[in-house]
Structures are given as structure tokens and as C-alpha cells.
>>> print(open('query16.tsv').read())   # TSV, C-alpha atoms
chain	number	residue	atom	x	y	z
K	1	MET	CA	131.43	75.40	118.89
K	2	GLU	CA	128.85	78.01	119.85
K	3	LYS	CA	131.59	80.17	121.32
K	4	SER	CA	133.67	80.00	118.13
K	5	LEU	CA	130.60	80.70	116.01
K	6	ARG	CA	129.74	83.76	118.09
K	7	ALA	CA	133.35	84.97	117.82
K	8	ALA	CA	133.28	84.45	114.05
K	9	ARG	CA	130.10	86.51	113.80
K	10	LEU	CA	131.67	89.37	115.77
K	11	ALA	CA	134.80	89.20	113.60
K	12	THR	CA	132.66	89.39	110.47
K	13	PHE	CA	130.86	92.39	111.94
K	14	ALA	CA	134.27	93.99	112.38
K	15	TYR	CA	135.19	93.50	108.73
K	16	PHE	CA	131.88	94.95	107.54
K	17	VAL	CA	132.39	98.00	109.76
K	18	LEU	CA	135.96	98.28	108.49
K	19	ASN	CA	134.86	98.13	104.85
K	20	GLY	CA	132.24	100.83	105.35
K	21	PHE	CA	134.72	102.92	107.33
K	22	LEU	CA	137.49	102.74	104.71
K	23	LEU	CA	135.13	103.59	101.86
K	24	GLY	CA	133.58	106.38	103.92
K	25	MET	CA	136.98	107.90	104.71
K	26	TRP	CA	137.69	108.17	100.98
K	27	ILE	CA	134.27	109.72	100.29
K	28	VAL	CA	134.73	112.31	103.03
K	29	HIS	CA	138.09	113.35	101.53
K	30	ILE	CA	136.99	113.53	97.89
K	31	PRO	CA	136.80	117.37	97.87
K	32	THR	CA	140.20	117.66	99.57
K	33	VAL	CA	141.86	115.24	97.15
K	34	GLU	CA	140.19	116.94	94.19
K	35	GLU	CA	141.56	120.31	95.27
K	36	HIS	CA	145.05	118.95	96.03
K	37	THR	CA	145.38	117.24	92.66
K	38	GLY	CA	143.94	120.22	90.78
K	39	ILE	CA	141.41	118.21	88.77
K	40	SER	CA	137.94	119.26	87.66
K	41	HIS	CA	134.63	117.63	88.56
K	42	ALA	CA	134.48	116.12	85.09
K	43	VAL	CA	137.92	114.52	85.40
K	44	LEU	CA	137.05	113.25	88.86
K	45	GLY	CA	133.93	111.63	87.43
K	46	TRP	CA	136.00	109.71	84.89
K	47	LEU	CA	138.57	108.70	87.51
K	48	LEU	CA	135.83	107.36	89.78
K	49	LEU	CA	135.03	104.89	87.01
K	50	LEU	CA	138.50	103.45	87.61
K	51	LEU	CA	137.55	102.89	91.24
K	52	GLY	CA	134.43	101.06	90.11
K	53	GLY	CA	136.36	99.05	87.53
K	54	GLY	CA	138.93	98.05	90.13
K	55	ALA	CA	136.19	96.96	92.52
K	56	PHE	CA	134.52	94.82	89.86
K	57	ALA	CA	137.86	93.20	88.95
K	58	GLY	CA	138.59	92.47	92.61
K	59	MET	CA	135.16	90.91	93.10
K	60	GLN	CA	135.59	88.53	90.18
K	61	LEU	CA	139.09	87.50	91.21
K	62	VAL	CA	138.57	86.94	94.91
K	63	GLY	CA	135.42	84.80	94.73
K	64	PRO	CA	137.13	81.68	93.33
K	65	LEU	CA	140.11	82.32	95.62
K	66	ALA	CA	137.82	82.27	98.64
K	67	ASP	CA	136.39	78.94	97.47
K	68	ARG	CA	139.85	77.46	96.95
K	69	PHE	CA	141.73	78.72	99.99
K	70	GLY	CA	138.89	79.61	102.37
K	71	SER	CA	137.60	82.95	103.57
K	72	ARG	CA	139.74	82.69	106.71
K	73	LYS	CA	142.82	83.41	104.60
K	74	VAL	CA	141.32	85.65	101.94
K	75	VAL	CA	139.30	88.05	104.14
K	76	PRO	CA	142.25	89.37	106.23
K	77	LEU	CA	144.46	89.74	103.14
K	78	SER	CA	141.69	91.61	101.32
K	79	ALA	CA	141.13	93.86	104.35
K	80	ALA	CA	144.86	94.55	104.58
K	81	LEU	CA	145.03	95.42	100.87
K	82	CYS	CA	142.02	97.73	101.10
K	83	SER	CA	143.42	99.41	104.23
K	84	ALA	CA	146.86	99.98	102.77
K	85	ALA	CA	145.42	101.24	99.48
K	86	LEU	CA	143.43	103.93	101.33
K	87	LEU	CA	146.65	105.93	101.68
K	88	LEU	CA	147.28	106.09	97.91
K	89	PRO	CA	144.65	108.74	96.97
K	90	GLY	CA	146.03	110.95	99.73
K	91	LEU	CA	149.49	110.78	98.17
K	92	ALA	CA	148.31	111.47	94.60
K	93	ALA	CA	149.65	114.69	93.07
K	94	ASP	CA	147.66	114.82	89.83
K	95	ALA	CA	145.16	112.93	87.70
K	96	TRP	CA	147.83	110.54	86.41
K	97	THR	CA	148.68	109.34	89.91
K	98	LEU	CA	145.14	109.53	91.31
K	99	GLY	CA	143.75	107.20	88.62
K	100	PRO	CA	145.95	104.19	89.48
K	101	ALA	CA	145.50	104.93	93.19
K	102	LEU	CA	141.72	104.74	92.86
K	103	PHE	CA	141.92	101.55	90.80
K	104	VAL	CA	144.03	99.84	93.48
K	105	PHE	CA	141.78	101.09	96.27
K	106	GLY	CA	138.71	99.93	94.34
K	107	PHE	CA	140.35	96.55	93.74
K	108	GLY	CA	140.97	96.10	97.47
K	109	ASN	CA	137.43	97.21	98.27
K	110	GLY	CA	135.99	94.68	95.81
K	111	CYS	CA	138.12	91.88	97.25
K	112	LEU	CA	137.02	92.68	100.79
K	113	ASP	CA	133.37	93.05	99.78
K	114	VAL	CA	133.04	89.58	98.25
K	115	SER	CA	135.30	87.72	100.69
K	116	MET	CA	133.58	89.07	103.81
K	117	ASN	CA	130.13	88.34	102.33
K	118	THR	CA	131.29	84.79	101.55
K	119	HIS	CA	132.39	84.32	105.15
K	120	ALA	CA	129.13	85.85	106.34
K	121	VAL	CA	127.26	83.15	104.41
K	122	GLN	CA	129.40	80.52	106.15
K	123	VAL	CA	128.59	82.00	109.56
K	124	GLU	CA	124.90	82.19	108.67
K	125	ARG	CA	124.94	78.51	107.71
K	126	GLY	CA	126.32	77.71	111.16
K	127	TYR	CA	123.61	79.74	112.88
K	128	GLY	CA	120.84	78.07	110.91
K	129	ARG	CA	118.82	81.28	110.69
K	130	PRO	CA	118.99	84.56	108.73
K	131	ILE	CA	121.70	86.95	109.98
K	132	MET	CA	122.98	88.50	106.73
K	133	SER	CA	121.14	91.82	106.89
K	134	ALA	CA	122.77	92.79	110.18
K	135	PHE	CA	126.19	92.51	108.54
K	136	HIS	CA	125.14	94.95	105.85
K	137	ALA	CA	123.75	97.32	108.47
K	138	LEU	CA	127.17	97.38	110.14
K	139	PHE	CA	128.69	98.43	106.80
K	140	SER	CA	126.44	101.50	106.86
K	141	ILE	CA	127.40	102.21	110.45
K	142	GLY	CA	131.05	102.08	109.42
K	143	GLY	CA	130.32	104.85	106.93
K	144	VAL	CA	128.70	106.95	109.66
K	145	ILE	CA	131.78	106.53	111.86
K	146	ALA	CA	133.97	107.60	108.93
K	147	ALA	CA	131.90	110.73	108.44
K	148	LEU	CA	132.34	111.67	112.11
K	149	VAL	CA	136.07	110.91	112.17
K	150	GLY	CA	136.60	112.71	108.87
K	151	ALA	CA	134.74	115.78	110.06
K	152	LEU	CA	136.94	115.87	113.18
K	153	THR	CA	140.26	115.51	111.36
K	154	LEU	CA	139.28	118.06	108.71
K	155	SER	CA	138.32	120.53	111.42
K	156	LEU	CA	141.74	120.00	112.98
K	157	GLY	CA	143.39	120.80	109.66
K	158	TRP	CA	144.88	117.37	109.00
K	159	SER	CA	145.92	116.76	105.40
K	160	ALA	CA	144.34	113.96	103.40
K	161	ALA	CA	147.63	112.06	103.35
K	162	THR	CA	147.96	112.26	107.14
K	163	THR	CA	144.39	111.22	107.88
K	164	LEU	CA	144.17	108.46	105.28
K	165	GLY	CA	147.60	107.17	106.31
K	166	ALA	CA	146.59	107.00	109.97
K	167	MET	CA	143.32	105.28	109.12
K	168	ALA	CA	145.19	102.83	106.86
K	169	VAL	CA	147.36	101.78	109.80
K	170	LEU	CA	144.28	101.46	111.99
K	171	GLY	CA	142.67	99.28	109.32
K	172	LEU	CA	145.72	97.01	109.10
K	173	VAL	CA	145.62	96.49	112.86
K	174	ALA	CA	141.88	95.76	112.84
K	175	ALA	CA	142.25	93.33	109.92
K	176	ALA	CA	144.94	91.39	111.78
K	177	LEU	CA	143.12	91.28	115.13
K	178	ALA	CA	139.78	90.12	113.70
K	179	SER	CA	141.36	87.37	111.58
K	180	ARG	CA	141.89	85.04	114.56
K	181	ALA	CA	138.17	84.43	115.04
K	182	LEU	CA	137.27	83.58	111.44
K	183	LEU	CA	135.97	80.10	110.67
K	184	PRO	CA	138.17	77.46	109.01
K	185	PRO	CA	137.38	76.70	105.37
K	186	GLU	CA	136.15	73.13	105.86
K	187	SER	CA	132.74	73.96	107.32
K	188	ALA	CA	130.93	76.26	109.65
K	189	PRO	CA	130.21	74.70	113.06
K	190	SER	CA	126.49	74.10	112.75
K	191	LYS	CA	124.35	74.20	115.87
K	192	GLU	CA	121.95	71.63	114.58
K	193	THR	CA	121.97	69.11	111.77
K	194	THR	CA	119.26	66.68	110.83
K	195	ALA	CA	120.17	63.14	109.94
K	196	THR	CA	118.16	61.70	107.11
K	197	GLU	CA	117.18	58.09	106.72
K	198	ASN	CA	119.95	57.36	104.21
K	199	GLY	CA	122.67	58.74	106.47
K	200	ALA	CA	123.20	62.07	104.72
K	201	THR	CA	123.13	65.31	106.67
K	202	GLU	CA	120.85	68.13	105.65
K	203	THR	CA	122.40	71.58	105.70
K	204	GLY	CA	119.39	73.26	104.24
K	205	PRO	CA	116.57	72.72	101.77
K	206	GLY	CA	117.78	71.23	98.53
K	207	GLU	CA	121.36	70.90	99.81
K	208	ALA	CA	122.53	67.56	101.20
K	209	VAL	CA	126.08	66.81	102.28
K	210	THR	CA	127.26	63.28	101.68
K	211	GLU	CA	129.84	61.34	103.67
K	212	ASN	CA	132.77	62.89	101.79
K	213	GLY	CA	131.46	66.40	102.53
K	214	THR	CA	130.56	67.43	98.98
K	215	ALA	CA	127.35	69.18	98.12
K	216	GLY	CA	124.64	67.28	96.33
K	217	ALA	CA	124.97	67.23	92.56
K	218	ALA	CA	121.43	68.38	92.01
K	219	ALA	CA	122.04	71.68	93.75
K	220	GLY	CA	125.20	72.20	91.75
K	221	ARG	CA	123.35	71.68	88.46
K	222	ARG	CA	120.62	74.12	89.41
K	223	ALA	CA	122.97	76.85	90.54
K	224	PRO	CA	124.18	78.53	87.31
K	225	SER	CA	120.90	79.77	85.81
K	226	ARG	CA	119.49	80.58	89.23
K	227	ILE	CA	122.61	82.50	90.20
K	228	TRP	CA	122.38	84.67	87.10
K	229	ILE	CA	118.74	85.45	87.86
K	230	LEU	CA	119.78	86.47	91.38
K	231	ALA	CA	122.53	88.59	89.84
K	232	ALA	CA	120.04	90.29	87.53
K	233	LEU	CA	117.80	91.07	90.51
K	234	ALA	CA	120.83	92.46	92.36
K	235	PHE	CA	121.57	94.68	89.34
K	236	MET	CA	118.02	96.08	89.36
K	237	LEU	CA	117.74	96.58	93.11
K	238	MET	CA	121.22	98.07	93.55
K	239	LEU	CA	120.56	100.40	90.61
K	240	SER	CA	117.45	101.48	92.50
K	241	GLU	CA	119.56	102.04	95.61
K	242	GLY	CA	122.05	104.03	93.55
K	243	VAL	CA	119.24	106.26	92.31
K	244	ALA	CA	118.52	107.26	95.90
K	245	ASN	CA	122.21	107.89	96.57
K	246	ASP	CA	122.73	110.02	93.48
K	247	TRP	CA	119.40	111.71	92.79
K	248	SER	CA	117.27	111.99	95.95
K	249	VAL	CA	118.76	115.33	97.02
K	250	LEU	CA	118.52	116.75	93.50
K	251	HIS	CA	114.91	115.58	93.35
K	252	LEU	CA	113.91	117.75	96.30
K	253	LYS	CA	116.05	120.67	95.18
K	254	ASP	CA	115.24	120.80	91.47
K	255	VAL	CA	111.75	119.30	91.28
K	256	LEU	CA	110.23	120.58	94.55
K	257	ASP	CA	112.38	123.73	94.90
K	258	ALA	CA	113.54	122.82	98.39
K	259	PRO	CA	116.50	124.71	99.92
K	260	GLU	CA	119.81	122.81	99.80
K	261	ALA	CA	119.79	122.20	103.56
K	262	THR	CA	116.29	120.76	103.37
K	263	ALA	CA	117.04	118.72	100.26
K	264	ALA	CA	119.87	116.95	102.09
K	265	PHE	CA	117.25	115.33	104.32
K	266	ALA	CA	116.08	113.21	101.38
K	267	TYR	CA	119.24	111.12	101.36
K	268	GLY	CA	119.41	111.26	105.16
K	269	ALA	CA	115.91	109.81	105.45
K	270	PHE	CA	116.68	107.08	102.92
K	271	ALA	CA	120.05	106.12	104.47
K	272	THR	CA	118.65	106.05	108.01
K	273	ALA	CA	115.72	103.89	106.91
K	274	MET	CA	118.11	101.52	105.14
K	275	THR	CA	120.28	101.11	108.24
K	276	VAL	CA	117.38	100.62	110.66
K	277	GLY	CA	115.65	98.26	108.23
K	278	ARG	CA	118.72	96.06	107.89
K	279	LEU	CA	119.10	95.86	111.66
K	280	LEU	CA	115.54	94.52	111.87
K	281	THR	CA	115.35	92.39	108.72
K	282	ASP	CA	116.99	89.24	110.10
K	283	ARG	CA	114.29	88.79	112.74
K	284	VAL	CA	111.61	89.45	110.15
K	285	ALA	CA	113.19	86.95	107.73
K	286	ALA	CA	113.33	84.31	110.48
K	287	ARG	CA	109.58	84.70	110.98
K	288	ILE	CA	108.23	85.09	107.44
K	289	GLY	CA	111.09	83.79	105.27
K	290	THR	CA	113.49	85.45	102.87
K	291	VAL	CA	111.16	85.07	99.90
K	292	ALA	CA	108.59	87.19	101.69
K	293	VAL	CA	111.25	89.74	102.68
K	294	VAL	CA	112.20	90.30	99.04
K	295	ARG	CA	108.61	90.10	97.75
K	296	TYR	CA	107.05	92.52	100.20
K	297	GLY	CA	110.20	94.60	100.65
K	298	SER	CA	110.58	95.36	96.96
K	299	GLY	CA	106.83	95.96	96.73
K	300	VAL	CA	106.98	98.47	99.58
K	301	ALA	CA	110.02	100.07	97.92
K	302	ALA	CA	108.07	100.48	94.67
K	303	VAL	CA	105.21	102.14	96.55
K	304	GLY	CA	107.58	104.40	98.48
K	305	LEU	CA	109.44	105.61	95.39
K	306	THR	CA	106.13	106.19	93.61
K	307	VAL	CA	105.01	108.37	96.51
K	308	ALA	CA	108.28	110.34	96.35
K	309	THR	CA	108.00	110.66	92.57
K	310	LEU	CA	104.45	112.03	92.58
K	311	ALA	CA	104.70	114.02	95.83
K	312	PRO	CA	103.58	117.64	95.39
K	313	ALA	CA	105.35	118.82	98.55
K	314	VAL	CA	108.61	118.18	100.41
K	315	PRO	CA	107.17	116.47	103.54
K	316	LEU	CA	105.38	113.84	101.48
K	317	ALA	CA	108.50	113.30	99.33
K	318	LEU	CA	110.55	112.69	102.48
K	319	VAL	CA	107.98	110.14	103.60
K	320	GLY	CA	108.30	108.46	100.20
K	321	TRP	CA	112.11	108.28	100.35
K	322	THR	CA	111.87	106.86	103.88
K	323	ILE	CA	109.42	104.14	102.80
K	324	PHE	CA	111.64	103.40	99.80
K	325	GLY	CA	114.62	102.87	102.12
K	326	ILE	CA	112.68	100.65	104.52
K	327	GLY	CA	111.39	98.45	101.70
K	328	LEU	CA	114.71	98.16	99.90
K	329	SER	CA	116.83	97.63	103.02
K	330	GLY	CA	116.53	93.87	103.40
K	331	CYS	CA	116.38	92.78	99.77
K	332	VAL	CA	120.00	92.75	98.55
K	333	PRO	CA	121.41	90.92	101.61
K	334	GLN	CA	118.93	88.10	100.93
K	335	LEU	CA	120.21	87.83	97.35
K	336	PHE	CA	123.81	87.55	98.55
K	337	SER	CA	122.76	84.94	101.10
K	338	ALA	CA	120.83	82.92	98.52
K	339	ALA	CA	123.82	82.96	96.16
K	340	GLY	CA	126.20	81.80	98.86
K	341	HIS	CA	123.94	78.97	100.04
K	342	ALA	CA	123.09	77.71	96.54
K	343	ASP	CA	126.32	75.69	96.38
K	344	PRO	CA	128.65	75.77	99.42
K	345	GLY	CA	131.54	74.56	97.29
K	346	ALA	CA	131.25	77.61	95.02
K	347	ALA	CA	129.94	80.17	97.51
K	348	GLY	CA	132.67	82.70	96.77
K	349	ALA	CA	132.26	82.49	93.00
K	350	ASN	CA	128.48	82.77	93.24
K	351	VAL	CA	128.60	85.72	95.63
K	352	SER	CA	131.11	87.43	93.32
K	353	ARG	CA	128.72	87.07	90.37
K	354	VAL	CA	125.76	88.50	92.26
K	355	ALA	CA	127.78	91.23	93.99
K	356	GLY	CA	129.64	92.13	90.80
K	357	LEU	CA	126.53	92.58	88.66
K	358	GLY	CA	124.83	94.38	91.53
K	359	TYR	CA	127.76	96.76	91.83
K	360	LEU	CA	127.54	97.48	88.11
K	361	GLY	CA	123.88	98.32	88.66
K	362	MET	CA	124.77	100.86	91.32
K	363	LEU	CA	127.35	102.43	89.00
K	364	ALA	CA	124.85	102.42	86.13
K	365	GLY	CA	122.30	104.50	88.03
K	366	PRO	CA	123.73	107.92	87.11
K	367	ALA	CA	124.47	106.80	83.56
K	368	VAL	CA	120.90	105.58	83.01
K	369	ILE	CA	118.87	108.24	84.82
K	370	GLY	CA	120.97	111.19	83.59
K	371	PRO	CA	120.22	110.76	79.86
K	372	MET	CA	116.55	110.08	80.65
K	373	THR	CA	116.26	113.59	82.13
K	374	HIS	CA	116.78	114.99	78.62
K	375	LEU	CA	113.51	113.34	77.62
K	376	MET	CA	111.42	113.76	80.77
K	377	PRO	CA	111.44	115.42	84.21
K	378	LEU	CA	113.77	113.85	86.78
K	379	ASN	CA	110.96	112.53	88.96
K	380	LEU	CA	109.32	110.70	86.04
K	381	ALA	CA	112.65	108.96	85.31
K	382	PHE	CA	112.28	107.33	88.73
K	383	PHE	CA	109.58	105.07	87.32
K	384	LEU	CA	112.39	102.92	85.88
K	385	PRO	CA	113.59	101.83	89.35
K	386	VAL	CA	109.93	101.55	90.37
K	387	ALA	CA	109.52	99.01	87.57
K	388	PHE	CA	112.71	97.20	88.66
K	389	CYS	CA	111.35	96.90	92.20
K	390	ALA	CA	108.09	95.52	90.81
K	391	VAL	CA	110.02	92.89	88.83
K	392	ALA	CA	111.85	91.85	92.01
K	393	CYS	CA	108.53	91.60	93.82
K	394	PHE	CA	107.13	89.12	91.30
K	395	THR	CA	110.34	87.08	90.87
K	396	ALA	CA	111.14	86.75	94.58
K	397	PRO	CA	110.28	82.99	94.63
K	398	ILE	CA	113.62	82.37	92.85
K	399	LEU	CA	115.14	82.55	96.34
K	400	ARG	CA	113.18	79.49	97.43
K	401	THR	CA	115.30	76.34	97.38
K	402	GLY	CA	113.02	73.92	99.14
K	403	GLN	CA	110.25	74.42	101.62
K	404	PRO	CA	108.37	77.69	101.34
K	405	ASP	CA	109.12	80.71	103.48
K	406	GLU	CA	112.51	79.80	104.81
K	407	ALA	CA	115.99	81.17	104.35
K	408	PRO	CA	117.74	79.55	101.37
K	409	GLY	CA	120.35	77.08	102.49
K	410	VAL	CA	119.64	77.82	106.13
K	411	GLY	CA	116.71	75.57	106.83
K	412	PRO	CA	113.89	75.81	109.32
K	413	ALA	CA	114.83	76.70	112.85
K	414	PRO	CA	112.17	75.60	115.31
K	415	ALA	CA	113.25	76.27	118.89
K	416	ARG	CA	116.96	76.63	118.20
K	417	GLN	CA	119.25	77.94	120.89
K	418	GLN	CA	120.43	81.47	120.24
K	419	ALA	CA	124.13	82.18	120.09
>>> encode(input="query16.tsv", output="C-alpha cells")
Amino acid sequence: MEKSLRAARLATFAYFVLNGFLLGMWIVHIPTVEEHTGISHAVLGWLLLLLGGGAFAGMQLVGPLADRFGSRKVVPLSAALCSAALLLPGLAADAWTLGPALFVFGFGNGCLDVSMNTHAVQVERGYGRPIMSAFHALFSIGGVIAALVGALTLSLGWSAATTLGAMAVLGLVAAALASRALLPPESAPSKETTATENGATETGPGEAVTENGTAGAAAGRRAPSRIWILAALAFMLMLSEGVANDWSVLHLKDVLDAPEATAAFAYGAFATAMTVGRLLTDRVAARIGTVAVVRYGSGVAAVGLTVATLAPAVPLALVGWTIFGIGLSGCVPQLFSAAGHADPGAAGANVSRVAGLGYLGMLAGPAVIGPMTHLMPLNLAFFLPVAFCAVACFTAPILRTGQPDEAPGVGPAPARQQA
């Protein structure tokens, strides 16, 4: 069982890398596709909304499918769809063909996002300790690999259609190879279960599995309102993350008059801190609990963004964006994990709700901050995500399902063997 669980974890890593890689390959080729189709920046902005709309639709559709048929079937199909759809923007000739291409690619991306996170929750349940943040770190690494590969192919003069087509084939192969190690839908092979006096088996705090394998009714009744609170927190925290993606470089350039090359370090510092933080968060969560990760992480993020907002000079602003990334890095994975563990029978649907609303938050960042800049300086508009991080800090106990300071649905892990 431990061998199959380890293989399932590696396969899930592969899908997270693949998702980040496919999305990164599209991002790298945005200027090339824009030039080839002859569209303006404004038209591209509207068409990107179709990508977001497709992703949201895919997330909402695939969650229940993962619950019904199991992630083992849904994840590879979603990865294959996302891989194949990567070619479509490269073949687009104008705005009318690029729009549907982006919607289909976004749909595949949304399907893969929710299904792989649902399977990650299943793997985490088998491990009995927090491992979700590392999966999200691998997504970021996939984007870095895409940037390197894209830079190489562009320097060689490859067309967007050629590069995206080749990467689509590579993605199809990777999706097929990794599928063999995914866990069956019935249950994750748990390393340790605790028999209770009445004969039930505990799979985590507040979540008992009876003889017929169904989750306790109490947990199912508690899930809906709690899931929507988790989704609201995901909206706020992913909007905050989107602010860094969309506005950190402009902050240094327009507010602090930094040169463009220097301003680029703002996003670089944030993205690097996010990746490193997610690689370390699982060990931290195992020691202090996921509630503490979200509470202190969002609090640190609020402090970091406040430092960046009020910084009078570039070096201090870079420090602020770095602290913001470190604090924010581990929060969203814990929300996904909590949603998936709230009710194992509806893990896919719950993850789709949290991921979907969170994704809308990331898309809403430019739409919210942009109009605010007509009323106040850009840096002062950042106090909105500061407030959102503060809300997450004070509402973090919503992740707690039973005993304090433990991963929701994972349970305490004293002296467990490592896989």
C-alpha cells in the first residue's frame, strides 16, 4: 500500500507540473498569438475573459464527475483535454477563432485544476499528514519550465502553432503515463486508521466511516455553510494573489519610479517566495496545524503588503512583496484541502466550489483595483487586499474540524512512518 501511495503522490506531482506547464506555455506565447491574429490589447483583454469563463465552467462540471466516477478516470481525461486544447490558440487566425480556442483551453484547464486537486486530497488522506502545499509548488515550477522552454523555442524561431502543437503531444503522453499510478475511487490506502470503541474507523477529526464506507451524516450536514465560507476566503486570498500578479510591477514603476528592469523584480520576488513557501508549508502545517498556517500566514501577508504599500524606496518595497509572498504561499492550499476533507463523498464538488470562487477572485483583481486607482493612488488601493488578508487571519478557525491545530480531515500523526 505504501508503494502505491507513493506512486500516486508522484503521479499527482506530474499532473500539477503539467498543468502549470501548459498554462505557462500559453502565457509565454500571448504576444506571438496576439501579433499573428492581428488583435489589439483591448480585444485580447476581452478574449482572456473567455478563457476565465471556460475555466470556471470546467471547474463546476468536473467536480461532481470526479465524485461520481473517481479522480482516477477524470484526471487523465482532463489532462488530455487541456493538452490537446493548447494547440488551438496557435492555430487561431483572428479574434473570432481565438475566442472559442481560449474558451476550450480554459475549460480543459479548469477541469484539470479541480480533478487533480481532488485526487491530491485523496492522496493526502492516505498519508495522514499535510502534503497539499507541495503539489501547488510543483504547479509553479511547471510554469518556470514553460518559461524556459518557451524562451528556447522562440529564440529558435518556432511558430506558436509548432511549439504549442509539440507541447500538446508531450502533454498527452505525460497524461497517459501518469494515469497508471492514480488511486482507485473507493478509498485512499491509509497508512494508519484508529478503531473506535463502537467499531467505526476514524479517518480524521469529525469524519467517521461506518461499515458501509459512507461518511458520517454529521459531517455532511455541516459541510455546505462551511464550504461557502472557505470559498469566500479563497476568493479574498486569491484576489490578493492576483493583485501581486497584475500590479506589483506597475507599483514599483509608477509609484516608486523604478526602471522597468528593476520593477520586474517585484513579481519575481513575490513568485519566488510563493514557490519556496509552498515547498516548506507542509512540514510547518504538520507541526503547528493548518489553522495556524492560515492564521499566521495571512497575517504575515497583510504585514508584508502593508510594508510594500507604504515603502518610500524600491528595496523596502521588494522586501514587502517578498514577505507578502511568503505569508500568502501556504494559505490557499489549506483551503482546498479543508474543502476536500469536509465530506469525502463530495470532495470533488466541494473543491470545485472553493476553487471556482477563488478563481473568480483572481480574475476580479484587475477589475476591482483598476477602478479604485481613479479615486486614489495605486499603492493605497492595496489596502483592500490587506483587509482581505486580515479577515482570513481572524476567520482561520473555520478550517478546524475537530481537535485544535491539526490538518482538517487528516488527523493527528504521532510517529507515523514516512512514505
>>> closest_atom_pairs(input="query16.tsv", of="segment 54-129 of chain K", to="segment 21-24 of chain K", cutoff="9 Å", atoms="all atoms listed in the file", output="JSON lines")
{"residue": "K:Cys82", "atom": "CA", "partner": "K:Leu22", "partner_atom": "CA", "distance": 7.7}
{"residue": "K:Ser83", "atom": "CA", "partner": "K:Leu22", "partner_atom": "CA", "distance": 6.8}
{"residue": "K:Leu86", "atom": "CA", "partner": "K:Leu22", "partner_atom": "CA", "distance": 6.9}
{"residue": "K:Asn109", "atom": "CA", "partner": "K:Leu23", "partner_atom": "CA", "distance": 7.7}
>>> closest_residue(input="query16.tsv", among="K:Arg9, K:Lys73, K:Arg68, K:His136", to="Arg278 of chain K", atoms="all atoms listed in the file")
K:His136
>>> closest_residue(input="query16.tsv", among="K:Gly99, K:Thr395, K:Ser115, K:Pro89", to="Gly165 of chain K", atoms="only C-alpha atoms")
K:Pro89
>>> closest_atom_pairs(input="query16.tsv", of="segment 320-367 of chain K", to="segment 36-56 of chain K", cutoff="12 Å", atoms="all atoms listed in the file", output="JSON lines")
{"residue": "K:Ser352", "atom": "CA", "partner": "K:Phe56", "partner_atom": "CA", "distance": 8.8}
{"residue": "K:Arg353", "atom": "CA", "partner": "K:Phe56", "partner_atom": "CA", "distance": 9.7}
{"residue": "K:Val354", "atom": "CA", "partner": "K:Phe56", "partner_atom": "CA", "distance": 11.1}
{"residue": "K:Ala355", "atom": "CA", "partner": "K:Phe56", "partner_atom": "CA", "distance": 8.7}
{"residue": "K:Gly356", "atom": "CA", "partner": "K:Phe56", "partner_atom": "CA", "distance": 5.7}
{"residue": "K:Leu357", "atom": "CA", "partner": "K:Phe56", "partner_atom": "CA", "distance": 8.4}
{"residue": "K:Gly358", "atom": "CA", "partner": "K:Phe56", "partner_atom": "CA", "distance": 9.8}
{"residue": "K:Tyr359", "atom": "CA", "partner": "K:Phe56", "partner_atom": "CA", "distance": 7.3}
{"residue": "K:Leu360", "atom": "CA", "partner": "K:Phe56", "partner_atom": "CA", "distance": 7.7}
{"residue": "K:Gly361", "atom": "CA", "partner": "K:Gly52", "partner_atom": "CA", "distance": 11.0}
{"residue": "K:Met362", "atom": "CA", "partner": "K:Gly52", "partner_atom": "CA", "distance": 9.7}
{"residue": "K:Leu363", "atom": "CA", "partner": "K:Gly52", "partner_atom": "CA", "distance": 7.3}
{"residue": "K:Ala364", "atom": "CA", "partner": "K:Gly52", "partner_atom": "CA", "distance": 10.5}
{"residue": "K:Pro366", "atom": "CA", "partner": "K:Gly45", "partner_atom": "CA", "distance": 10.9}
{"residue": "K:Ala367", "atom": "CA", "partner": "K:Leu49", "partner_atom": "CA", "distance": 11.3}
>>> closest_residue(input="query16.tsv", among="K:Ile288, K:Leu81, K:Ala396, K:Leu182", to="Ala234 of chain K", atoms="all atoms listed in the file")
K:Ala396
>>> closest_residue(input="query16.tsv", among="K:Gly108, K:Gly63, K:Gly289, K:Gly304", to="Ala338 of chain K", atoms="all atoms listed in the file")
K:Gly289
>>> residues_around(input="query16.tsv", residues="Leu280 of chain K", least_positions_apart="4", cutoff="8 Å", atoms="only C-alpha atoms", output="ChimeraX atom specification")
/K:133-134,276,284
>>> closest_residue(input="query16.tsv", among="K:Leu88, K:Val123, K:Ala266, K:Ala93", to="Asn245 of chain K", atoms="only C-alpha atoms")
K:Ala266
>>> decode(input="query16.tsv", residues="segment 253-264 of chain K", atoms="N, CA and C atoms", output="CSV table (one decimal), in the first residue's frame")
chain,number,residue,atom,x,y,z
K,253,LYS,N,7.1,50.6,-10.8
K,253,LYS,CA,7.4,51.5,-11.9
K,253,LYS,C,6.7,52.8,-11.8
K,254,ASP,N,5.4,52.8,-11.5
K,254,ASP,CA,4.6,54.1,-11.5
K,254,ASP,C,4.6,54.8,-10.1
K,255,VAL,N,4.7,54.1,-9.0
K,255,VAL,CA,4.6,54.7,-7.7
K,255,VAL,C,6.0,55.1,-7.2
K,256,LEU,N,7.0,54.2,-7.4
K,256,LEU,CA,8.4,54.5,-6.9
K,256,LEU,C,9.3,54.8,-8.0
K,257,ASP,N,8.8,55.0,-9.3
K,257,ASP,CA,9.7,55.4,-10.4
K,257,ASP,C,10.9,54.5,-10.7
K,258,ALA,N,10.7,53.2,-10.5
K,258,ALA,CA,11.8,52.3,-10.7
K,258,ALA,C,11.9,52.0,-12.2
K,259,PRO,N,13.1,51.8,-12.8
K,259,PRO,CA,13.2,51.4,-14.2
K,259,PRO,C,12.4,50.1,-14.4
K,260,GLU,N,12.1,49.8,-15.7
K,260,GLU,CA,11.3,48.6,-16.0
K,260,GLU,C,12.0,47.3,-15.6
K,261,ALA,N,13.3,47.3,-15.8
K,261,ALA,CA,14.1,46.1,-15.5
K,261,ALA,C,14.0,45.8,-14.0
K,262,THR,N,14.1,46.9,-13.2
K,262,THR,CA,14.1,46.8,-11.7
K,262,THR,C,12.7,46.5,-11.3
K,263,ALA,N,11.7,47.1,-11.9
K,263,ALA,CA,10.3,46.8,-11.5
K,263,ALA,C,9.9,45.4,-11.6
K,264,ALA,N,10.5,44.7,-12.6
K,264,ALA,CA,10.2,43.3,-12.8
K,264,ALA,C,10.5,42.4,-11.7
